[in-house]
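Okay, structure first, notes after.
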Amino acid sequence: MMSNPPAEKIVAHYTEAYQRLYKREPRDLRMIDSEWVVVNGAQMRLQELEYLTQQLQLEYRAGVEKRKNVVQRLVKWFKGV
């Protein structure tokens, strides 16, 4: 049986994903209790924060892929391929 990650871990994952994407710490991030947090003034359940973290990670990966594709196209252009 899998257990849910502790609230602190969920908040830490969100903070890491947010910092990676926006290059700054999230504002107004605090735990209310073991099920609820406040993020940017909005109260939400930890499950919602986990989903938001996944969305931030997807957005970050999409940006990395986009930059990677631009670099690859530039390399091909400079090579004359």
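Chain labels A, B, ... are given in the sequence in which chains occur in the structure tokens; within each chain residues are numbered consecutively from 1, and ligands are likewise numbered from 1 in the order shown.
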
Distance query Lys9 in chain A at most 12 Å, only C-alpha atoms, self and fewer than 4 positions along chain excluded, as an NGL selection string: :A and (4-5 or 13-16 or 31 or 34 or 46 or 49-50 or 53)

Distance of CA of Val39 in chain A from CA of Pro26 in chain A, expressed in Å to one decimal place: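 Atom-to-atom, CA of Pro26 in chain A to CA of Val39 in chain A, that is 8.0 Å.
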
Nearby residues (only C-alpha atoms) at most 10 Å from range 54-62 of chain A, same-chain spacing under 2 positions excluded, as a PyMOL selection string: chain A and resi 13-14+16-22+48-52+64-68

Going by DSSP on the backbone, which residues of chain A come out as alpha helix (DSSP H)? List them as a PDB file with N, CA and C atoms, in the first residue's frame.
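Dumped everything to selection-v9.pdb:
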ATOM      1  N   ALA A   7       2.951  16.483   3.895  1.00  0.00           N
ATOM      2  CA  ALA A   7       2.614  17.827   3.427  1.00  0.00           C
ATOM      3  C   ALA A   7       3.865  18.664   3.157  1.00  0.00           C
ATOM      4  N   GLU A   8       4.858  18.548   4.013  1.00  0.00           N
ATOM      5  CA  GLU A   8       6.082  19.332   3.838  1.00  0.00           C
ATOM      6  C   GLU A   8       6.773  18.989   2.524  1.00  0.00           C
ATOM      7  N   LYS A   9       6.724  17.717   2.156  1.00  0.00           N
ATOM      8  CA  LYS A   9       7.358  17.276   0.917  1.00  0.00           C
ATOM      9  C   LYS A   9       6.614  17.831  -0.303  1.00  0.00           C
ATOM     10  N   ILE A  10       5.305  17.857  -0.231  1.00  0.00           N
ATOM     11  CA  ILE A  10       4.493  18.396  -1.326  1.00  0.00           C
ATOM     12  C   ILE A  10       4.799  19.879  -1.505  1.00  0.00           C
ATOM     13  N   VAL A  11       4.864  20.610  -0.400  1.00  0.00           N
ATOM     14  CA  VAL A  11       5.176  22.038  -0.452  1.00  0.00           C
ATOM     15  C   VAL A  11       6.591  22.246  -0.995  1.00  0.00           C
ATOM     16  N   ALA A  12       7.536  21.418  -0.577  1.00  0.00           N
ATOM     17  CA  ALA A  12       8.916  21.533  -1.061  1.00  0.00           C
ATOM     18  C   ALA A  12       8.991  21.275  -2.564  1.00  0.00           C
ATOM     19  N   HIS A  13       8.263  20.277  -3.061  1.00  0.00           N
ATOM     20  CA  HIS A  13       8.255  19.989  -4.501  1.00  0.00           C
ATOM     21  C   HIS A  13       7.674  21.162  -5.281  1.00  0.00           C
ATOM     22  N   TYR A  14       6.605  21.756  -4.749  1.00  0.00           N
ATOM     23  CA  TYR A  14       6.006  22.923  -5.404  1.00  0.00           C
ATOM     24  C   TYR A  14       7.017  24.072  -5.447  1.00  0.00           C
ATOM     25  N   THR A  15       7.662  24.337  -4.320  1.00  0.00           N
ATOM     26  CA  THR A  15       8.636  25.426  -4.246  1.00  0.00           C
ATOM     27  C   THR A  15       9.755  25.218  -5.256  1.00  0.00           C
ATOM     28  N   GLU A  16      10.251  23.998  -5.351  1.00  0.00           N
ATOM     29  CA  GLU A  16      11.324  23.676  -6.292  1.00  0.00           C
ATOM     30  C   GLU A  16      10.877  23.891  -7.740  1.00  0.00           C
ATOM     31  N   ALA A  17       9.693  23.407  -8.075  1.00  0.00           N
ATOM     32  CA  ALA A  17       9.174  23.563  -9.438  1.00  0.00           C
ATOM     33  C   ALA A  17       8.953  25.038  -9.761  1.00  0.00           C
ATOM     34  N   TYR A  18       8.429  25.788  -8.809  1.00  0.00           N
ATOM     35  CA  TYR A  18       8.167  27.214  -9.009  1.00  0.00           C
ATOM     36  C   TYR A  18       9.477  27.965  -9.233  1.00  0.00           C
ATOM     37  N   GLN A  19      10.475  27.680  -8.408  1.00  0.00           N
ATOM     38  CA  GLN A  19      11.773  28.347  -8.534  1.00  0.00           C
ATOM     39  C   GLN A  19      12.434  28.015  -9.863  1.00  0.00           C
ATOM     40  N   ARG A  20      12.327  26.777 -10.276  1.00  0.00           N
ATOM     41  CA  ARG A  20      12.931  26.355 -11.534  1.00  0.00           C
ATOM     42  C   ARG A  20      12.305  27.105 -12.713  1.00  0.00           C
ATOM     43  N   LEU A  21      11.001  27.271 -12.685  1.00  0.00           N
ATOM     44  CA  LEU A  21      10.295  27.907 -13.795  1.00  0.00           C
ATOM     45  C   LEU A  21      10.422  29.431 -13.771  1.00  0.00           C
ATOM     46  N   TYR A  22      10.233  30.041 -12.605  1.00  0.00           N
ATOM     47  CA  TYR A  22      10.164  31.505 -12.517  1.00  0.00           C
ATOM     48  C   TYR A  22      11.430  32.166 -11.976  1.00  0.00           C
ATOM     49  N   LEU A  46      -3.899  20.075  -0.496  1.00  0.00           N
ATOM     50  CA  LEU A  46      -2.587  19.595  -0.920  1.00  0.00           C
ATOM     51  C   LEU A  46      -2.666  18.850  -2.253  1.00  0.00           C
ATOM     52  N   GLN A  47      -3.772  18.145  -2.498  1.00  0.00           N
ATOM     53  CA  GLN A  47      -3.938  17.455  -3.779  1.00  0.00           C
ATOM     54  C   GLN A  47      -3.915  18.449  -4.929  1.00  0.00           C
ATOM     55  N   GLU A  48      -4.538  19.601  -4.737  1.00  0.00           N
ATOM     56  CA  GLU A  48      -4.540  20.636  -5.771  1.00  0.00           C
ATOM     57  C   GLU A  48      -3.134  21.201  -5.965  1.00  0.00           C
ATOM     58  N   LEU A  49      -2.388  21.328  -4.876  1.00  0.00           N
ATOM     59  CA  LEU A  49      -1.016  21.819  -4.966  1.00  0.00           C
ATOM     60  C   LEU A  49      -0.145  20.819  -5.718  1.00  0.00           C
ATOM     61  N   GLU A  50      -0.377  19.534  -5.498  1.00  0.00           N
ATOM     62  CA  GLU A  50       0.366  18.517  -6.253  1.00  0.00           C
ATOM     63  C   GLU A  50       0.084  18.645  -7.749  1.00  0.00           C
ATOM     64  N   TYR A  51      -1.176  18.852  -8.102  1.00  0.00           N
ATOM     65  CA  TYR A  51      -1.548  19.029  -9.508  1.00  0.00           C
ATOM     66  C   TYR A  51      -0.893  20.290 -10.072  1.00  0.00           C
ATOM     67  N   LEU A  52      -0.921  21.374  -9.310  1.00  0.00           N
ATOM     68  CA  LEU A  52      -0.299  22.621  -9.741  1.00  0.00           C
ATOM     69  C   LEU A  52       1.203  22.428  -9.948  1.00  0.00           C
ATOM     70  N   THR A  53       1.829  21.658  -9.082  1.00  0.00           N
ATOM     71  CA  THR A  53       3.252  21.354  -9.214  1.00  0.00           C
ATOM     72  C   THR A  53       3.517  20.611 -10.515  1.00  0.00           C
ATOM     73  N   GLN A  54       2.676  19.635 -10.841  1.00  0.00           N
ATOM     74  CA  GLN A  54       2.830  18.898 -12.103  1.00  0.00           C
ATOM     75  C   GLN A  54       2.705  19.829 -13.298  1.00  0.00           C
ATOM     76  N   GLN A  55       1.785  20.782 -13.228  1.00  0.00           N
ATOM     77  CA  GLN A  55       1.611  21.737 -14.324  1.00  0.00           C
ATOM     78  C   GLN A  55       2.852  22.622 -14.476  1.00  0.00           C
ATOM     79  N   LEU A  56       3.424  23.058 -13.373  1.00  0.00           N
ATOM     80  CA  LEU A  56       4.650  23.856 -13.428  1.00  0.00           C
ATOM     81  C   LEU A  56       5.790  23.054 -14.038  1.00  0.00           C
ATOM     82  N   GLN A  57       5.892  21.775 -13.660  1.00  0.00           N
ATOM     83  CA  GLN A  57       6.945  20.921 -14.203  1.00  0.00           C
ATOM     84  C   GLN A  57       6.771  20.721 -15.706  1.00  0.00           C
ATOM     85  N   LEU A  58       5.533  20.527 -16.153  1.00  0.00           N
ATOM     86  CA  LEU A  58       5.268  20.385 -17.587  1.00  0.00           C
ATOM     87  C   LEU A  58       5.634  21.657 -18.342  1.00  0.00           C
ATOM     88  N   GLU A  59       5.276  22.795 -17.786  1.00  0.00           N
ATOM     89  CA  GLU A  59       5.591  24.076 -18.423  1.00  0.00           C
ATOM     90  C   GLU A  59       7.103  24.281 -18.506  1.00  0.00           C
ATOM     91  N   TYR A  60       7.817  23.905 -17.454  1.00  0.00           N
ATOM     92  CA  TYR A  60       9.275  24.028 -17.454  1.00  0.00           C
ATOM     93  C   TYR A  60       9.887  23.134 -18.529  1.00  0.00           C
ATOM     94  N   ARG A  61       9.438  21.875 -18.583  1.00  0.00           N
ATOM     95  CA  ARG A  61       9.977  20.943 -19.587  1.00  0.00           C
ATOM     96  C   ARG A  61       9.678  21.408 -21.006  1.00  0.00           C
ATOM     97  N   ALA A  62       8.492  21.973 -21.216  1.00  0.00           N
ATOM     98  CA  ALA A  62       8.137  22.483 -22.542  1.00  0.00           C
ATOM     99  C   ALA A  62       9.078  23.621 -22.934  1.00  0.00           C
ATOM    100  N   GLY A  63       9.407  24.490 -21.997  1.00  0.00           N
ATOM    101  CA  GLY A  63      10.342  25.586 -22.271  1.00  0.00           C
ATOM    102  C   GLY A  63      11.730  25.081 -22.586  1.00  0.00           C
ATOM    103  N   VAL A  64      12.170  24.062 -21.869  1.00  0.00           N
ATOM    104  CA  VAL A  64      13.487  23.469 -22.120  1.00  0.00           C
ATOM    105  C   VAL A  64      13.519  22.861 -23.519  1.00  0.00           C
ATOM    106  N   GLU A  65      12.475  22.131 -23.874  1.00  0.00           N
ATOM    107  CA  GLU A  65      12.402  21.516 -25.206  1.00  0.00           C
ATOM    108  C   GLU A  65      12.401  22.575 -26.302  1.00  0.00           C
ATOM    109  N   LYS A  66      11.689  23.648 -26.078  1.00  0.00           N
ATOM    110  CA  LYS A  66      11.623  24.726 -27.070  1.00  0.00           C
ATOM    111  C   LYS A  66      13.008  25.333 -27.283  1.00  0.00           C
ATOM    112  N   ARG A  67      13.721  25.620 -26.193  1.00  0.00           N
ATOM    113  CA  ARG A  67      15.071  26.181 -26.309  1.00  0.00           C
ATOM    114  C   ARG A  67      16.002  25.194 -26.992  1.00  0.00           C
ATOM    115  N   LYS A  68      15.853  23.925 -26.659  1.00  0.00           N
ATOM    116  CA  LYS A  68      16.687  22.888 -27.256  1.00  0.00           C
ATOM    117  C   LYS A  68      16.460  22.827 -28.768  1.00  0.00           C
ATOM    118  N   ASN A  69      15.211  22.909 -29.189  1.00  0.00           N
ATOM    119  CA  ASN A  69      14.892  22.876 -30.614  1.00  0.00           C
ATOM    120  C   ASN A  69      15.457  24.091 -31.338  1.00  0.00           C
ATOM    121  N   VAL A  70      15.407  25.254 -30.713  1.00  0.00           N
ATOM    122  CA  VAL A  70      15.965  26.462 -31.321  1.00  0.00           C
ATOM    123  C   VAL A  70      17.467  26.302 -31.510  1.00  0.00           C
ATOM    124  N   VAL A  71      18.139  25.795 -30.502  1.00  0.00           N
ATOM    125  CA  VAL A  71      19.587  25.589 -30.588  1.00  0.00           C
ATOM    126  C   VAL A  71      19.907  24.587 -31.693  1.00  0.00           C
ATOM    127  N   GLN A  72      19.153  23.502 -31.768  1.00  0.00           N
ATOM    128  CA  GLN A  72      19.398  22.501 -32.805  1.00  0.00           C
ATOM    129  C   GLN A  72      19.203  23.088 -34.201  1.00  0.00           C
ATOM    130  N   ARG A  73      18.174  23.913 -34.378  1.00  0.00           N
ATOM    131  CA  ARG A  73      17.949  24.549 -35.684  1.00  0.00           C
ATOM    132  C   ARG A  73      19.078  25.506 -36.023  1.00  0.00           C
ATOM    133  N   LEU A  74      19.570  26.252 -35.039  1.00  0.00           N
ATOM    134  CA  LEU A  74      20.691  27.159 -35.288  1.00  0.00           C
ATOM    135  C   LEU A  74      21.945  26.390 -35.675  1.00  0.00           C
ATOM    136  N   VAL A  75      22.206  25.303 -34.991  1.00  0.00           N
ATOM    137  CA  VAL A  75      23.378  24.482 -35.309  1.00  0.00           C
ATOM    138  C   VAL A  75      23.266  23.956 -36.737  1.00  0.00           C
ATOM    139  N   LYS A  76      22.105  23.456 -37.114  1.00  0.00           N
ATOM    140  CA  LYS A  76      21.904  22.969 -38.484  1.00  0.00           C
ATOM    141  C   LYS A  76      22.092  24.096 -39.496  1.00  0.00           C
ATOM    142  N   TRP A  77      21.575  25.271 -39.175  1.00  0.00           N
ATOM    143  CA  TRP A  77      21.686  26.402 -40.094  1.00  0.00           C
ATOM    144  C   TRP A  77      23.146  26.793 -40.286  1.00  0.00           C
ATOM    145  N   PHE A  78      23.907  26.845 -39.172  1.00  0.00           N
ATOM    146  CA  PHE A  78      25.320  27.200 -39.278  1.00  0.00           C
ATOM    147  C   PHE A  78      26.120  26.134 -40.020  1.00  0.00           C
ATOM    148  N   LYS A  79      25.712  24.893 -39.893  1.00  0.00           N
ATOM    149  CA  LYS A  79      26.384  23.810 -40.623  1.00  0.00           C
ATOM    150  C   LYS A  79      25.986  23.803 -42.091  1.00  0.00           C
TER     151      LYS A  79
END

Contact residues around range 41-44 of chain A with only C-alpha atoms at 9 Å, ignoring same-chain residues under 3 positions, as a ChimeraX atom specification: /A:27-29,32,35-38,47-49

Preceding selection exported with N, CA and C atoms as a short mmCIF file (atom, residue, chain, number, x, y, z; two decimals), in the first residue's frame:
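The resulting file, again-v9.cif, is reproduced below:
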data_model
loop_
_atom_site.label_atom_id
_atom_site.label_comp_id
_atom_site.auth_asym_id
_atom_site.auth_seq_id
_atom_site.Cartn_x
_atom_site.Cartn_y
_atom_site.Cartn_z
N ARG A 27 5.58 33.48 -3.59
CA ARG A 27 5.15 34.41 -2.55
C ARG A 27 3.94 33.82 -1.83
N ASP A 28 3.83 34.15 -0.57
CA ASP A 28 2.66 33.75 0.23
C ASP A 28 2.36 32.26 0.10
N LEU A 29 3.31 31.44 0.48
CA LEU A 29 3.12 29.99 0.51
C LEU A 29 3.23 29.55 1.96
N ILE A 32 -1.65 25.58 6.24
CA ILE A 32 -2.68 25.87 7.23
C ILE A 32 -2.77 24.70 8.20
N GLU A 35 -3.83 19.27 5.52
CA GLU A 35 -4.54 19.10 4.25
C GLU A 35 -4.65 20.37 3.42
N TRP A 36 -4.43 21.52 4.03
CA TRP A 36 -4.67 22.79 3.36
C TRP A 36 -3.42 23.67 3.36
N VAL A 37 -3.24 24.42 2.26
CA VAL A 37 -2.16 25.40 2.14
C VAL A 37 -2.73 26.68 1.52
N VAL A 38 -1.97 27.75 1.66
CA VAL A 38 -2.29 29.01 0.98
C VAL A 38 -1.16 29.25 -0.01
N GLN A 47 -3.77 18.15 -2.50
CA GLN A 47 -3.94 17.46 -3.78
C GLN A 47 -3.91 18.45 -4.93
N GLU A 48 -4.54 19.60 -4.74
CA GLU A 48 -4.54 20.64 -5.77
C GLU A 48 -3.13 21.20 -5.96
N LEU A 49 -2.39 21.33 -4.88
CA LEU A 49 -1.02 21.82 -4.97
C LEU A 49 -0.14 20.82 -5.72
#

All strand (DSSP E) positions in chain A, as a list in words: Leu29, Arg30, Met31, Trp36, Val37, Val38, Val39, Ala42, Gln43, Met44 and Arg45 of chain A

Go ahead and save the residues from that selection, with N, CA and C atoms, as a CSV table (one decimal), in the first residue's frame.
chain,number,residue,atom,x,y,z
A,29,LEU,N,3.3,31.4,0.5
A,29,LEU,CA,3.1,30.0,0.5
A,29,LEU,C,3.2,29.5,2.0
A,30,ARG,N,2.1,29.1,2.5
A,30,ARG,CA,2.1,28.6,3.9
A,30,ARG,C,1.1,27.5,4.1
A,31,MET,N,1.5,26.6,5.0
A,31,MET,CA,0.6,25.5,5.4
A,31,MET,C,-0.4,26.0,6.4
A,36,TRP,N,-4.4,21.5,4.0
A,36,TRP,CA,-4.7,22.8,3.4
A,36,TRP,C,-3.4,23.7,3.4
A,37,VAL,N,-3.2,24.4,2.3
A,37,VAL,CA,-2.2,25.4,2.1
A,37,VAL,C,-2.7,26.7,1.5
A,38,VAL,N,-2.0,27.8,1.7
A,38,VAL,CA,-2.3,29.0,1.0
A,38,VAL,C,-1.2,29.3,0.0
A,39,VAL,N,-1.5,29.5,-1.3
A,39,VAL,CA,-0.6,29.8,-2.3
A,39,VAL,C,-1.0,31.0,-3.0
A,42,ALA,N,-4.5,32.2,-2.4
A,42,ALA,CA,-5.6,31.2,-2.6
A,42,ALA,C,-5.4,30.0,-1.7
A,43,GLN,N,-6.5,29.6,-1.0
A,43,GLN,CA,-6.5,28.5,-0.2
A,43,GLN,C,-6.8,27.2,-1.0
A,44,MET,N,-6.0,26.2,-0.9
A,44,MET,CA,-6.2,25.0,-1.7
A,44,MET,C,-5.8,23.7,-0.9
A,45,ARG,N,-6.3,22.6,-1.3
A,45,ARG,CA,-5.9,21.3,-0.7
A,45,ARG,C,-4.6,20.9,-1.2
